[in-house]
>>> print(open('final.csv').read())   # CSV, C-alpha atoms
chain,number,residue,atom,x,y,z
A,373,MET,CA,-119.7,-185.9,-4.2
A,374,ALA,CA,-116.7,-187.1,-6.2
A,375,ILE,CA,-113.3,-186.1,-4.9
A,376,GLU,CA,-110.8,-185.4,-7.7
A,377,GLY,CA,-107.0,-186.0,-7.3
A,378,VAL,CA,-106.0,-182.4,-7.6
A,379,ASP,CA,-108.5,-181.5,-5.0
A,380,LEU,CA,-107.2,-184.1,-2.6
A,381,VAL,CA,-103.7,-182.9,-3.0
A,382,LYS,CA,-104.7,-179.3,-2.3
A,383,ALA,CA,-106.6,-180.5,0.8
A,384,ALA,CA,-103.5,-182.4,2.1
A,385,ALA,CA,-101.3,-179.4,1.4
A,386,PHE,CA,-103.6,-177.1,3.5
A,387,LEU,CA,-103.8,-179.5,6.3
A,388,GLY,CA,-100.1,-180.1,6.2
A,389,ALA,CA,-99.3,-176.4,6.3
A,390,GLY,CA,-101.5,-176.0,9.4
A,391,LEU,CA,-99.8,-179.0,11.1
A,392,SER,CA,-96.3,-177.9,10.1
A,393,MET,CA,-96.7,-174.4,11.6
A,394,GLY,CA,-98.7,-175.6,14.6
A,395,LEU,CA,-96.4,-178.4,15.7
A,396,GLY,CA,-93.3,-176.5,14.7
A,397,ALA,CA,-94.2,-173.7,17.1
A,398,ILE,CA,-94.1,-175.9,20.2
A,399,GLY,CA,-90.4,-176.4,20.4
A,400,PRO,CA,-89.1,-172.8,19.8
A,401,GLY,CA,-91.8,-171.4,22.1
A,402,ILE,CA,-90.8,-173.6,25.1
A,403,GLY,CA,-87.0,-173.4,24.3
A,404,GLU,CA,-86.9,-169.6,23.9
A,405,GLY,CA,-88.9,-169.3,27.1
A,406,MET,CA,-86.4,-171.4,29.0
A,407,ALA,CA,-83.5,-169.4,27.6
A,408,ALA,CA,-85.2,-166.2,28.8
A,409,ALA,CA,-85.9,-167.8,32.1
A,410,LYS,CA,-82.2,-168.5,32.7
A,411,ALA,CA,-81.2,-165.1,31.5
A,412,CYS,CA,-83.6,-163.5,34.1
A,413,GLU,CA,-82.2,-165.8,36.8
A,414,SER,CA,-78.7,-164.8,35.9
A,415,ILE,CA,-79.6,-161.1,35.9
A,416,GLY,CA,-81.1,-161.6,39.4
A,417,LYS,CA,-77.8,-163.1,40.6
A,418,ASN,CA,-75.6,-160.6,38.8
A,419,PRO,CA,-77.4,-157.4,37.7
A,420,LYS,CA,-74.3,-155.7,36.6
A,421,GLU,CA,-74.0,-158.0,33.6
A,422,ALA,CA,-77.5,-157.4,32.4
A,423,GLY,CA,-76.4,-156.0,29.0
A,424,LEU,CA,-74.2,-159.0,28.2
A,425,LEU,CA,-76.8,-161.5,29.5
A,426,THR,CA,-79.6,-159.9,27.4
A,427,ARG,CA,-77.4,-160.0,24.3
A,428,THR,CA,-76.5,-163.6,24.9
A,429,MET,CA,-80.1,-164.5,25.5
A,430,LEU,CA,-81.2,-162.9,22.2
A,431,VAL,CA,-78.5,-164.7,20.2
A,432,GLY,CA,-79.5,-168.0,21.8
A,433,GLN,CA,-83.2,-167.4,21.2
A,434,ALA,CA,-82.5,-166.4,17.6
A,435,VAL,CA,-80.8,-169.7,17.0
A,436,SER,CA,-83.6,-171.7,18.6
A,437,GLU,CA,-86.1,-169.7,16.6
A,438,SER,CA,-84.6,-171.1,13.4
A,439,THR,CA,-86.7,-174.3,13.5
A,440,GLY,CA,-89.8,-172.2,13.9
A,441,ILE,CA,-88.9,-170.3,10.8
A,442,TYR,CA,-88.3,-173.6,8.9
A,443,SER,CA,-91.8,-174.6,9.8
A,444,LEU,CA,-93.1,-171.2,8.6
A,445,VAL,CA,-91.2,-171.6,5.3
A,446,ILE,CA,-92.6,-175.1,4.8
A,447,ALA,CA,-96.1,-173.9,5.6
A,448,LEU,CA,-95.8,-171.1,3.1
A,449,LEU,CA,-94.4,-173.4,0.5
A,450,LEU,CA,-97.3,-175.8,1.0
A,451,LEU,CA,-99.8,-173.0,0.7
A,452,PHE,CA,-98.5,-171.1,-2.2
A,453,VAL,CA,-95.9,-173.1,-4.2
A,454,VAL,CA,-96.6,-176.8,-4.2
B,1317,MET,CA,-122.5,-199.7,4.6
B,1318,MET,CA,-125.4,-199.0,6.9
B,1319,GLU,CA,-127.3,-195.8,6.5
B,1320,PHE,CA,-128.4,-193.8,9.5
B,1321,ASP,CA,-130.6,-190.7,9.7
B,1322,VAL,CA,-129.4,-187.3,10.9
B,1323,GLN,CA,-131.1,-187.8,14.3
B,1324,THR,CA,-128.9,-190.9,15.0
B,1325,TRP,CA,-125.7,-189.2,13.9
B,1326,ILE,CA,-126.5,-186.3,16.1
B,1327,LYS,CA,-127.0,-188.5,19.1
B,1328,VAL,CA,-123.7,-190.3,18.4
B,1329,ALA,CA,-121.9,-187.0,18.2
B,1330,ALA,CA,-123.6,-185.6,21.4
B,1331,PHE,CA,-122.6,-188.7,23.4
B,1332,SER,CA,-119.0,-188.9,22.0
B,1333,GLY,CA,-118.6,-185.1,22.5
B,1334,GLY,CA,-119.8,-185.5,26.1
B,1335,GLY,CA,-117.4,-188.3,26.8
B,1336,LEU,CA,-114.5,-186.4,25.2
B,1337,ALA,CA,-115.3,-183.3,27.2
B,1338,MET,CA,-115.3,-185.0,30.6
B,1339,GLY,CA,-112.5,-187.4,29.8
B,1340,PHE,CA,-110.0,-184.8,28.6
B,1341,GLY,CA,-111.4,-182.3,31.2
B,1342,ALA,CA,-110.6,-184.6,34.1
B,1343,ILE,CA,-106.8,-184.8,33.3
B,1344,GLY,CA,-105.7,-181.3,34.3
B,1345,ALA,CA,-107.6,-180.7,37.6
B,1346,ALA,CA,-106.7,-184.2,38.9
B,1347,ILE,CA,-102.9,-183.6,38.3
B,1348,GLY,CA,-103.0,-180.1,39.7
B,1349,GLU,CA,-104.9,-181.0,42.8
B,1350,GLY,CA,-102.7,-184.0,43.4
B,1351,TYR,CA,-99.6,-181.8,43.2
B,1352,THR,CA,-101.2,-179.4,45.7
B,1353,ALA,CA,-102.0,-182.2,48.1
B,1354,ALA,CA,-98.4,-183.5,47.8
B,1355,GLU,CA,-97.0,-180.0,48.5
B,1356,ALA,CA,-99.4,-179.6,51.4
B,1357,ASN,CA,-98.2,-182.9,53.0
B,1358,SER,CA,-94.6,-181.9,52.6
B,1359,ALA,CA,-95.4,-178.5,54.1
B,1360,ILE,CA,-97.2,-180.0,57.1
B,1361,SER,CA,-94.3,-182.3,57.8
B,1362,ARG,CA,-92.0,-179.2,57.8
B,1363,ASN,CA,-94.2,-177.2,60.2
B,1364,PRO,CA,-96.9,-179.3,61.8
B,1365,GLU,CA,-98.1,-176.4,63.9
B,1366,MET,CA,-99.5,-174.7,60.8
B,1367,ALA,CA,-101.4,-177.9,59.8
B,1368,GLY,CA,-104.8,-176.3,60.1
B,1369,ASP,CA,-104.0,-173.2,57.9
B,1370,ILE,CA,-102.2,-175.3,55.4
B,1371,PHE,CA,-105.1,-177.7,55.1
B,1372,LYS,CA,-107.5,-174.9,54.5
B,1373,ALA,CA,-105.2,-173.3,51.9
B,1374,MET,CA,-104.9,-176.7,50.2
B,1375,LEU,CA,-108.7,-177.1,50.0
B,1376,VAL,CA,-109.3,-173.5,48.7
B,1377,GLY,CA,-106.6,-174.0,46.1
B,1378,GLN,CA,-107.9,-177.3,45.0
B,1379,ALA,CA,-111.4,-175.9,44.7
B,1380,ILE,CA,-110.1,-173.3,42.2
B,1381,ALA,CA,-108.2,-175.9,40.2
B,1382,GLU,CA,-111.4,-178.0,40.2
B,1383,SER,CA,-113.4,-175.3,38.4
B,1384,ALA,CA,-112.0,-176.1,35.0
B,1385,SER,CA,-113.2,-179.7,35.4
B,1386,ILE,CA,-116.6,-178.5,36.5
B,1387,PHE,CA,-116.9,-176.5,33.3
B,1388,ALA,CA,-116.2,-179.7,31.4
B,1389,LEU,CA,-118.8,-181.5,33.5
B,1390,VAL,CA,-121.4,-178.9,32.7
B,1391,VAL,CA,-120.7,-179.1,28.9
B,1392,ALA,CA,-120.8,-182.9,29.1
B,1393,MET,CA,-124.2,-182.8,30.9
B,1394,ILE,CA,-125.6,-180.4,28.4
B,1395,LEU,CA,-124.4,-182.7,25.6
B,1396,LEU,CA,-125.9,-185.8,27.2
B,1397,PHE,CA,-129.3,-184.4,28.2
B,1398,THR,CA,-130.3,-181.9,25.5
B,1399,ASN,CA,-132.5,-182.9,22.6
B,1400,PHE,CA,-130.7,-181.3,19.6
B,1401,ALA,CA,-132.8,-180.4,16.6
B,1402,ALA,CA,-132.1,-182.8,13.7
B,1403,GLU,CA,-132.0,-180.3,10.9
B,1404,SER,CA,-128.5,-180.6,9.5
B,1405,PHE,CA,-125.4,-182.7,9.5
B,1406,VAL,CA,-123.5,-179.6,10.6
B,1407,THR,CA,-124.8,-180.2,14.1
B,1408,VAL,CA,-122.8,-183.5,14.3
B,1409,SER,CA,-119.6,-181.6,13.9
B,1410,VAL,CA,-120.8,-178.7,16.2
B,1411,LEU,CA,-121.4,-181.1,19.1
B,1412,LEU,CA,-118.1,-182.9,18.7
B,1413,ALA,CA,-116.3,-179.5,18.5
B,1414,SER,CA,-118.0,-178.2,21.6
B,1415,GLY,CA,-117.0,-181.3,23.6
B,1416,LEU,CA,-113.4,-181.2,22.4
B,1417,SER,CA,-113.1,-177.5,23.0
B,1418,MET,CA,-114.0,-177.7,26.7
B,1419,GLY,CA,-112.3,-181.0,27.3
B,1420,LEU,CA,-108.9,-179.9,25.9
B,1421,GLY,CA,-109.3,-176.4,27.3
B,1422,ALA,CA,-109.6,-177.6,30.9
B,1423,ILE,CA,-106.2,-179.4,30.8
B,1424,GLY,CA,-103.8,-176.5,31.2
B,1425,SER,CA,-105.8,-174.5,33.7
B,1426,GLY,CA,-106.3,-177.5,35.9
B,1427,VAL,CA,-102.6,-178.4,36.1
B,1428,GLY,CA,-101.6,-174.7,36.2
B,1429,SER,CA,-103.8,-173.8,39.2
B,1430,GLY,CA,-102.3,-176.6,41.2
B,1431,PHE,CA,-98.9,-174.9,41.2
B,1432,PRO,CA,-99.7,-171.7,43.1
B,1433,ALA,CA,-101.8,-173.6,45.6
B,1434,GLY,CA,-98.9,-176.0,46.3
B,1435,ALA,CA,-96.5,-173.1,46.7
B,1436,ALA,CA,-98.9,-171.3,49.0
B,1437,CYS,CA,-99.0,-174.3,51.3
B,1438,GLN,CA,-95.2,-174.5,51.3
B,1439,GLY,CA,-95.0,-170.8,52.0
B,1440,MET,CA,-97.3,-171.0,55.0
B,1441,ALA,CA,-95.0,-173.6,56.6
B,1442,ARG,CA,-92.0,-171.4,55.9
B,1443,GLN,CA,-93.5,-168.0,56.8
B,1444,PRO,CA,-96.6,-168.4,58.9
B,1445,ALA,CA,-96.9,-164.6,59.4
B,1446,ALA,CA,-97.5,-164.1,55.7
B,1447,SER,CA,-100.4,-166.6,55.5
B,1448,GLY,CA,-103.0,-163.9,54.7
B,1449,ARG,CA,-101.0,-162.4,51.9
B,1450,LEU,CA,-100.1,-165.8,50.5
B,1451,THR,CA,-103.8,-166.8,50.3
B,1452,THR,CA,-104.7,-163.5,48.5
B,1453,ASN,CA,-101.8,-164.0,46.1
B,1454,MET,CA,-102.7,-167.6,45.4
B,1455,LEU,CA,-106.3,-166.6,44.7
B,1456,ILE,CA,-105.4,-163.9,42.3
B,1457,GLY,CA,-102.8,-166.1,40.5
B,1458,SER,CA,-105.1,-169.2,40.2
B,1459,ALA,CA,-108.0,-167.0,39.0
B,1460,VAL,CA,-105.9,-165.7,36.1
B,1461,CYS,CA,-104.9,-169.3,35.4
B,1462,GLN,CA,-108.5,-170.2,34.8
B,1463,THR,CA,-109.1,-167.7,32.0
B,1464,PRO,CA,-107.9,-170.0,29.2
B,1465,ALA,CA,-110.4,-172.6,30.4
B,1466,ILE,CA,-113.1,-169.8,30.4
B,1467,PHE,CA,-112.2,-169.0,26.8
B,1468,ALA,CA,-112.7,-172.7,25.9
B,1469,LEU,CA,-116.0,-172.6,27.8
B,1470,VAL,CA,-117.2,-169.5,25.9
B,1471,THR,CA,-116.4,-171.2,22.6
B,1472,SER,CA,-118.1,-174.4,23.7
B,1473,PHE,CA,-121.3,-172.5,24.7
B,1474,ILE,CA,-121.4,-170.5,21.5
B,1475,LEU,CA,-121.1,-173.7,19.6
B,1476,LEU,CA,-123.9,-175.3,21.6
B,1477,PHE,CA,-126.3,-172.4,21.6
B,1478,THR,CA,-125.9,-171.0,18.1
B,1479,ASN,CA,-128.0,-172.3,15.3
B,1480,PHE,CA,-125.6,-173.4,12.6
B,1481,SER,CA,-128.1,-175.5,10.6
B,1482,GLY,CA,-128.8,-172.7,8.1
B,1483,ARG,CA,-125.1,-172.8,7.0
B,1484,PRO,CA,-123.8,-174.9,4.1
B,1485,VAL,CA,-122.7,-178.3,5.5
B,1486,SER,CA,-119.4,-178.1,3.7
B,1487,PRO,CA,-117.2,-176.2,4.7
B,1488,THR,CA,-119.1,-175.3,7.9
B,1489,TRP,CA,-118.5,-178.7,9.5
B,1490,ALA,CA,-114.7,-178.1,9.3
B,1491,ALA,CA,-114.9,-174.5,10.4
B,1492,VAL,CA,-116.7,-175.4,13.7
B,1493,LEU,CA,-114.4,-178.3,14.3
B,1494,GLY,CA,-111.4,-176.0,13.7
B,1495,ALA,CA,-112.9,-173.4,16.1
B,1496,GLY,CA,-113.3,-176.0,18.9
B,1497,LEU,CA,-109.7,-177.2,18.4
B,1498,ALA,CA,-108.2,-173.7,18.2
B,1499,ALA,CA,-109.9,-172.6,21.5
B,1500,GLY,CA,-109.3,-175.9,23.3
B,1501,LEU,CA,-105.7,-176.7,22.3
B,1502,GLY,CA,-104.8,-173.0,22.5
B,1503,ALA,CA,-105.8,-172.9,26.2
B,1504,ILE,CA,-103.3,-175.7,27.3
B,1505,GLY,CA,-100.1,-173.7,27.1
B,1506,SER,CA,-101.4,-170.5,28.6
B,1507,GLY,CA,-103.1,-172.3,31.5
B,1508,LEU,CA,-99.9,-174.2,32.4
B,1509,GLY,CA,-97.6,-171.1,31.9
B,1510,GLY,CA,-99.9,-168.9,34.0
B,1511,GLY,CA,-99.7,-171.5,36.8
B,1512,LEU,CA,-95.9,-171.5,36.7
B,1513,VAL,CA,-95.8,-167.7,37.2
B,1514,ALA,CA,-98.3,-167.8,40.0
B,1515,GLN,CA,-96.3,-170.6,41.7
B,1516,ALA,CA,-93.1,-168.4,41.7
B,1517,SER,CA,-95.0,-165.5,43.1
B,1518,CYS,CA,-96.4,-167.5,46.1
B,1519,GLU,CA,-92.9,-168.8,46.7
B,1520,GLY,CA,-91.5,-165.3,46.5
B,1521,VAL,CA,-94.0,-163.8,48.9
B,1522,ALA,CA,-93.1,-166.5,51.5
B,1523,ARG,CA,-89.4,-166.0,51.0
B,1524,GLN,CA,-89.5,-162.2,51.3
B,1525,PRO,CA,-92.9,-160.8,52.3
B,1526,LEU,CA,-91.7,-157.2,51.9
B,1527,THR,CA,-91.4,-157.8,48.2
B,1528,ALA,CA,-95.0,-158.8,47.9
B,1529,THR,CA,-96.1,-155.8,45.9
B,1530,PRO,CA,-93.6,-156.0,43.0
B,1531,VAL,CA,-93.9,-159.8,43.0
B,1532,THR,CA,-97.7,-159.7,42.6
B,1533,ASN,CA,-97.5,-156.9,40.0
B,1534,VAL,CA,-94.9,-158.6,37.8
B,1535,MET,CA,-96.8,-161.9,38.2
B,1536,LEU,CA,-99.9,-160.3,36.7
B,1537,LEU,CA,-97.8,-158.7,33.9
B,1538,GLY,CA,-96.1,-162.0,33.1
B,1539,GLN,CA,-99.4,-163.9,33.2
B,1540,ALA,CA,-101.0,-161.4,30.9
B,1541,VAL,CA,-98.3,-161.9,28.3
B,1542,THR,CA,-98.6,-165.7,28.8
B,1543,GLN,CA,-102.4,-165.5,28.1
B,1544,THR,CA,-101.9,-163.9,24.7
B,1545,THR,CA,-101.6,-167.1,22.7
B,1546,ALA,CA,-104.8,-168.4,24.2
B,1547,ILE,CA,-106.4,-165.1,23.1
B,1548,TYR,CA,-105.1,-165.8,19.5
B,1549,GLY,CA,-106.8,-169.2,19.8
B,1550,LEU,CA,-110.1,-167.6,20.8
B,1551,LEU,CA,-109.8,-165.0,18.0
B,1552,VAL,CA,-109.3,-167.7,15.4
B,1553,ALA,CA,-112.2,-169.7,16.9
B,1554,PHE,CA,-114.5,-166.7,16.7
B,1555,VAL,CA,-113.5,-166.0,13.0
B,1556,LEU,CA,-114.1,-169.7,12.2
B,1557,MET,CA,-117.5,-169.7,13.9
B,1558,PHE,CA,-118.9,-166.4,12.7
B,1559,LYS,CA,-117.5,-165.9,9.2
B,1560,ASN,CA,-119.9,-166.9,6.4
B,1561,PHE,CA,-118.3,-169.4,4.0
B,1562,VAL,CA,-119.4,-170.1,0.5
B,1563,PRO,CA,-120.8,-173.6,0.0
B,1564,THR,CA,-118.4,-176.0,-1.8
B,1565,ASP,CA,-118.3,-179.5,-3.1
B,1566,SER,CA,-114.6,-179.7,-3.0
B,1567,ILE,CA,-112.6,-181.1,-0.1
B,1568,ALA,CA,-109.8,-178.5,-0.1
B,1569,PRO,CA,-111.6,-175.5,1.5
B,1570,PRO,CA,-112.9,-177.5,4.6
B,1571,MET,CA,-109.3,-178.9,5.1
B,1572,ALA,CA,-107.9,-175.4,5.0
B,1573,LEU,CA,-110.3,-174.3,7.8
B,1574,LEU,CA,-109.6,-177.4,9.9
B,1575,GLY,CA,-105.9,-176.8,9.3
B,1576,ALA,CA,-106.3,-173.2,10.5
B,1577,GLY,CA,-107.8,-174.3,13.7
B,1578,LEU,CA,-105.2,-177.0,14.3
B,1579,CYS,CA,-102.4,-174.6,13.4
B,1580,MET,CA,-103.5,-172.0,15.9
B,1581,GLY,CA,-104.4,-174.4,18.6
B,1582,ILE,CA,-101.2,-176.5,18.6
B,1583,GLY,CA,-99.1,-173.4,17.8
B,1584,ALA,CA,-100.3,-171.7,21.0
B,1585,ILE,CA,-99.1,-174.5,23.3
B,1586,GLY,CA,-95.3,-173.9,23.1
B,1587,PRO,CA,-95.2,-170.1,23.5
B,1588,GLY,CA,-97.7,-170.3,26.4
B,1589,ILE,CA,-95.5,-172.7,28.4
B,1590,GLY,CA,-92.2,-171.0,27.4
B,1591,GLU,CA,-93.4,-167.5,28.4
B,1592,GLY,CA,-94.6,-169.0,31.6
B,1593,PHE,CA,-91.1,-170.3,32.3
B,1594,THR,CA,-89.6,-166.9,31.7
B,1595,ALA,CA,-92.0,-165.0,33.9
B,1596,GLN,CA,-91.7,-167.7,36.6
B,1597,SER,CA,-88.0,-167.2,36.8
B,1598,THR,CA,-88.3,-163.4,36.7
B,1599,VAL,CA,-90.8,-163.3,39.6
B,1600,ARG,CA,-88.7,-165.8,41.6
B,1601,TRP,CA,-85.6,-163.6,41.3
B,1602,ILE,CA,-87.5,-160.3,42.0
B,1603,ALA,CA,-88.3,-161.8,45.4
B,1604,ARG,CA,-84.6,-162.5,46.0
B,1605,ASN,CA,-83.1,-159.3,44.5
B,1606,VAL,CA,-85.8,-156.6,44.5
B,1607,GLU,CA,-83.3,-153.9,43.3
B,1608,ALA,CA,-83.1,-155.6,40.0
B,1609,THR,CA,-86.9,-155.5,39.4
B,1610,ALA,CA,-86.6,-152.9,36.5
B,1611,ASP,CA,-83.9,-154.9,34.6
B,1612,LEU,CA,-85.6,-158.2,35.2
B,1613,THR,CA,-89.0,-157.0,34.0
B,1614,ARG,CA,-87.5,-155.5,30.9
B,1615,VAL,CA,-85.6,-158.6,30.0
B,1616,MET,CA,-88.6,-160.8,30.8
B,1617,LEU,CA,-90.7,-158.8,28.3
B,1618,VAL,CA,-88.0,-159.0,25.6
B,1619,GLY,CA,-87.6,-162.7,26.2
B,1620,GLN,CA,-91.3,-163.3,26.1
B,1621,ALA,CA,-91.7,-161.3,23.0
B,1622,VAL,CA,-89.2,-163.5,21.2
B,1623,ALA,CA,-90.9,-166.7,22.5
B,1624,GLU,CA,-94.2,-165.2,21.3
B,1625,SER,CA,-92.9,-165.1,17.7
B,1626,THR,CA,-93.8,-168.7,16.7
B,1627,GLY,CA,-97.3,-168.2,18.2
B,1628,ILE,CA,-97.6,-165.2,15.8
B,1629,TYR,CA,-96.4,-167.2,12.9
B,1630,SER,CA,-99.1,-169.7,13.7
B,1631,LEU,CA,-101.7,-167.0,13.8
B,1632,VAL,CA,-100.5,-165.7,10.4
B,1633,ILE,CA,-100.7,-169.1,8.8
B,1634,ALA,CA,-104.1,-169.7,10.3
B,1635,LEU,CA,-105.4,-166.4,9.0
B,1636,VAL,CA,-103.9,-167.1,5.6
B,1637,LEU,CA,-105.6,-170.5,5.6
B,1638,ILE,CA,-109.0,-168.8,6.4
B,1639,PHE,CA,-108.9,-165.7,4.3
B,1640,VAL,CA,-106.4,-166.2,1.4
B,1641,VAL,CA,-106.4,-169.7,0.1
>>> encode(input="final.csv", output="structure tokens")
Amino acid sequence: MAIEGVDLVKAAAFLGAGLSMGLGAIGPGIGEGMAAAKACESIGKNPKEAGLLTRTMLVGQAVSESTGIYSLVIALLLLFVV
Amino acid sequence: MMEFDVQTWIKVAAFSGGGLAMGFGAIGAAIGEGYTAAEANSAISRNPEMAGDIFKAMLVGQAIAESASIFALVVAMILLFTNFAAESFVTVSVLLASGLSMGLGAIGSGVGSGFPAGAACQGMARQPAASGRLTTNMLIGSAVCQTPAIFALVTSFILLFTNFSGRPVSPTWAAVLGAGLAAGLGAIGSGLGGGLVAQASCEGVARQPLTATPVTNVMLLGQAVTQTTAIYGLLVAFVLMFKNFVPTDSIAPPMALLGAGLCMGIGAIGPGIGEGFTAQSTVRWIARNVEATADLTRVMLVGQAVAESTGIYSLVIALVLIFVV
């Protein structure tokens, strides 16, 4: 079975897309979980500020989500554009 | 290059798969049980009068943590002592995948189950009257921790006992390897995360036995959400094992399937651990401030949903790799 150059490039793009999204999901998953953990801890200490804390948590999580979205974008680029 | 027949390659794969299954499979339980023993020692030094009960709780907790490794031992034994039919080169990949799935899948559950057992030992030293309730709570929590390892075991058994030799060698070899990796790697995060939640609930029951009911309930809810990424891994593994793929000579389709398995497997680790942190903290604070249970549970679910998003991206990319490209 002869492997052509184009074929090999496609194979690498597919594998790269999978690795990009897979590895890229680790950090945001753990980081956002920690942000939410601290938010819950703070609500436990001071339930009156639950609204403010939830809002702050969501903004923080949105920022830490960004690298996950970069991974998604790169994966989609590898799959459909390159 | 030396040429070997199918039979030789299948033996090579069976022995390597068996080694990988037991090697990886030994990591988690050993760490988890060591942690439990360390906590038990510290608990006995705090309250030597409870030494008998703490010792018993330690052994029961360690026995549960051990089960993930025993699954790996069973799979390794099957791989070592079965005579696999030498019909197709696909079997080589199937056997490796089955070993990898169970080996990797045992890591998270083994470590995770050690956490609640350790917390239960500490709790008995602190609150001897709650021993019974603590043991029950530990058993429920650790049992849920084992589910990701059971998902990996199911995948491993399906790989071992399904006849894949009628399928086209390429791309089936990559599909089964991807399935093993998706289920095995996907179990790591959920096993660990589930353990963190159960740890906090044992700690909470000891701190404030009156809150045992909400603490156990929210623990189960938090663990259920934590398990979802392992379920995505199992789902992708099932699709990869049971979908019929068209035969191909090109290298791209097999790499897409292997990529899908890796993507879902690795992508499930982070959200599993992160959601575990969230639920751990929630359960811990419900025990301290039970009036805030409703607020805490709501924020926990919102936080976990956001942490889940990257796991869902991984699922999407994996399904695109399988069904679209």
>>> closest_atom_pairs(input="final.csv", of="chain A", to="range 1504-1511 of chain B", cutoff="10 Å", atoms="only C-alpha atoms", output="tab-separated table")
residue	atom	partner	partner_atom	distance
A:Ile398	CA	B:Gly1505	CA	9.4
A:Gly401	CA	B:Gly1505	CA	10.0
A:Ile402	CA	B:Gly1505	CA	9.5
>>> closest_atom_pairs(input="final.csv", of="range 1522-1609 of chain B", to="range 1466-1478 of chain B", cutoff="9 Å", atoms="all atoms listed in the file", output="tab-separated table")
residue	atom	partner	partner_atom	distance
B:Ala1546	CA	B:Phe1467	CA	7.9
B:Ile1547	CA	B:Phe1467	CA	7.9
B:Gly1549	CA	B:Phe1467	CA	8.8
B:Leu1550	CA	B:Phe1467	CA	6.5
B:Ala1553	CA	B:Thr1471	CA	7.2
B:Phe1554	CA	B:Thr1471	CA	7.7
B:Met1557	CA	B:Leu1475	CA	7.8
>>> write_last_selection(input="final.csv", atoms="C-alpha atoms", output="short mmCIF file (atom, residue, chain, number, x, y, z; two decimals), keeping the file's coordinate frame")
data_model
loop_
_atom_site.label_atom_id
_atom_site.label_comp_id
_atom_site.auth_asym_id
_atom_site.auth_seq_id
_atom_site.Cartn_x
_atom_site.Cartn_y
_atom_site.Cartn_z
CA ALA B 1546 -104.80 -168.40 24.20
CA ILE B 1547 -106.40 -165.10 23.10
CA GLY B 1549 -106.80 -169.20 19.80
CA LEU B 1550 -110.10 -167.60 20.80
CA ALA B 1553 -112.20 -169.70 16.90
CA PHE B 1554 -114.50 -166.70 16.70
CA MET B 1557 -117.50 -169.70 13.90
#
>>> interface_residues(input="final.csv", of="chain B", to="chain A", cutoff="7 Å", atoms="only C-alpha atoms", output="PyMOL selection string")
chain B and resi 1565-1568+1571-1572+1575-1576+1578-1580+1582-1583+1585-1587+1589-1591+1593-1595+1597-1598+1601+1605+1608+1612+1615-1616+1619-1620+1623-1624+1626-1627+1629-1630+1633-1634
>>> atom_distance(input="final.csv", atom1="CA of Val1632 in chain B", atom2="CA of Val1513 in chain B")
27.3 Å
>>> atom_distance(input="final.csv", atom1="CA of Asp1369 in chain B", atom2="CA of Ile1386 in chain B")
25.4 Å
>>> residues_near_point(input="final.csv", point="(-101.2, -182.1, 37.4)", cutoff="9 Å", atoms="all atoms listed in the file", output="list in words")
Ile1343, Gly1344, Ala1345, Ala1346, Ile1347, Gly1348, Glu1349, Gly1350, Tyr1351, Thr1352, Ile1423, Gly1424, Gly1426, Val1427, Gly1428, Ser1429, Gly1430 and Phe1431 of chain B
>>> write_last_selection(input="final.csv", atoms="C-alpha atoms", output="CSV table (one decimal), keeping the file's coordinate frame")
chain,number,residue,atom,x,y,z
B,1343,ILE,CA,-106.8,-184.8,33.3
B,1344,GLY,CA,-105.7,-181.3,34.3
B,1345,ALA,CA,-107.6,-180.7,37.6
B,1346,ALA,CA,-106.7,-184.2,38.9
B,1347,ILE,CA,-102.9,-183.6,38.3
B,1348,GLY,CA,-103.0,-180.1,39.7
B,1349,GLU,CA,-104.9,-181.0,42.8
B,1350,GLY,CA,-102.7,-184.0,43.4
B,1351,TYR,CA,-99.6,-181.8,43.2
B,1352,THR,CA,-101.2,-179.4,45.7
B,1423,ILE,CA,-106.2,-179.4,30.8
B,1424,GLY,CA,-103.8,-176.5,31.2
B,1426,GLY,CA,-106.3,-177.5,35.9
B,1427,VAL,CA,-102.6,-178.4,36.1
B,1428,GLY,CA,-101.6,-174.7,36.2
B,1429,SER,CA,-103.8,-173.8,39.2
B,1430,GLY,CA,-102.3,-176.6,41.2
B,1431,PHE,CA,-98.9,-174.9,41.2
>>> atom_distance(input="final.csv", atom1="CA of Ala1402 in chain B", atom2="CA of Ala1491 in chain B")
19.4 Å
>>> residues_around(input="final.csv", residues="Phe1639 in chain B", least_positions_apart="2", cutoff="10 Å", atoms="only C-alpha atoms", output="MDAnalysis selection string")
chainID B and resid 1555 1559 1572:1573 1633:1637 1641
>>> closest_residue(input="final.csv", among="B:Ala1356, B:Ala1621, B:Ala1330, B:Leu1551", to="Leu1411 in chain B", atoms="all atoms listed in the file")
B:Ala1330
>>> axis_aligned_box(input="final.csv", around="range 1570-1573 of chain B", padding_each_side="4 Å", output="AutoDock Vina command-line options")
--center_x -110.4 --center_y -176.6 --center_z 6.2 --size_x 13.0 --size_y 12.6 --size_z 11.2
>>> closest_residue(input="final.csv", among="B:Gly1482, B:Gly1333, B:Gly1581, B:Pro1444", to="Pro1563 in chain B", atoms="only C-alpha atoms")
B:Gly1482
>>> closest_residue(input="final.csv", among="B:Ala1610, B:Val1390, B:Ile1628, B:Leu1455", to="Gly1588 in chain B", atoms="only C-alpha atoms")
B:Ile1628
>>> decode(input="final.csv", residues="range 400-407 of chain A", atoms="C-alpha atoms", output="short mmCIF file (atom, residue, chain, number, x, y, z; two decimals), in the first residue's frame")
data_model
loop_
_atom_site.label_atom_id
_atom_site.label_comp_id
_atom_site.auth_asym_id
_atom_site.auth_seq_id
_atom_site.Cartn_x
_atom_site.Cartn_y
_atom_site.Cartn_z
CA PRO A 400 -10.10 24.99 30.93
CA GLY A 401 -11.92 22.01 32.44
CA ILE A 402 -9.76 21.99 35.57
CA GLY A 403 -9.46 25.79 35.79
CA GLU A 404 -13.16 26.52 35.44
CA GLY A 405 -13.90 23.82 37.99
CA MET A 406 -11.55 25.53 40.46
CA ALA A 407 -13.17 28.91 39.82
#
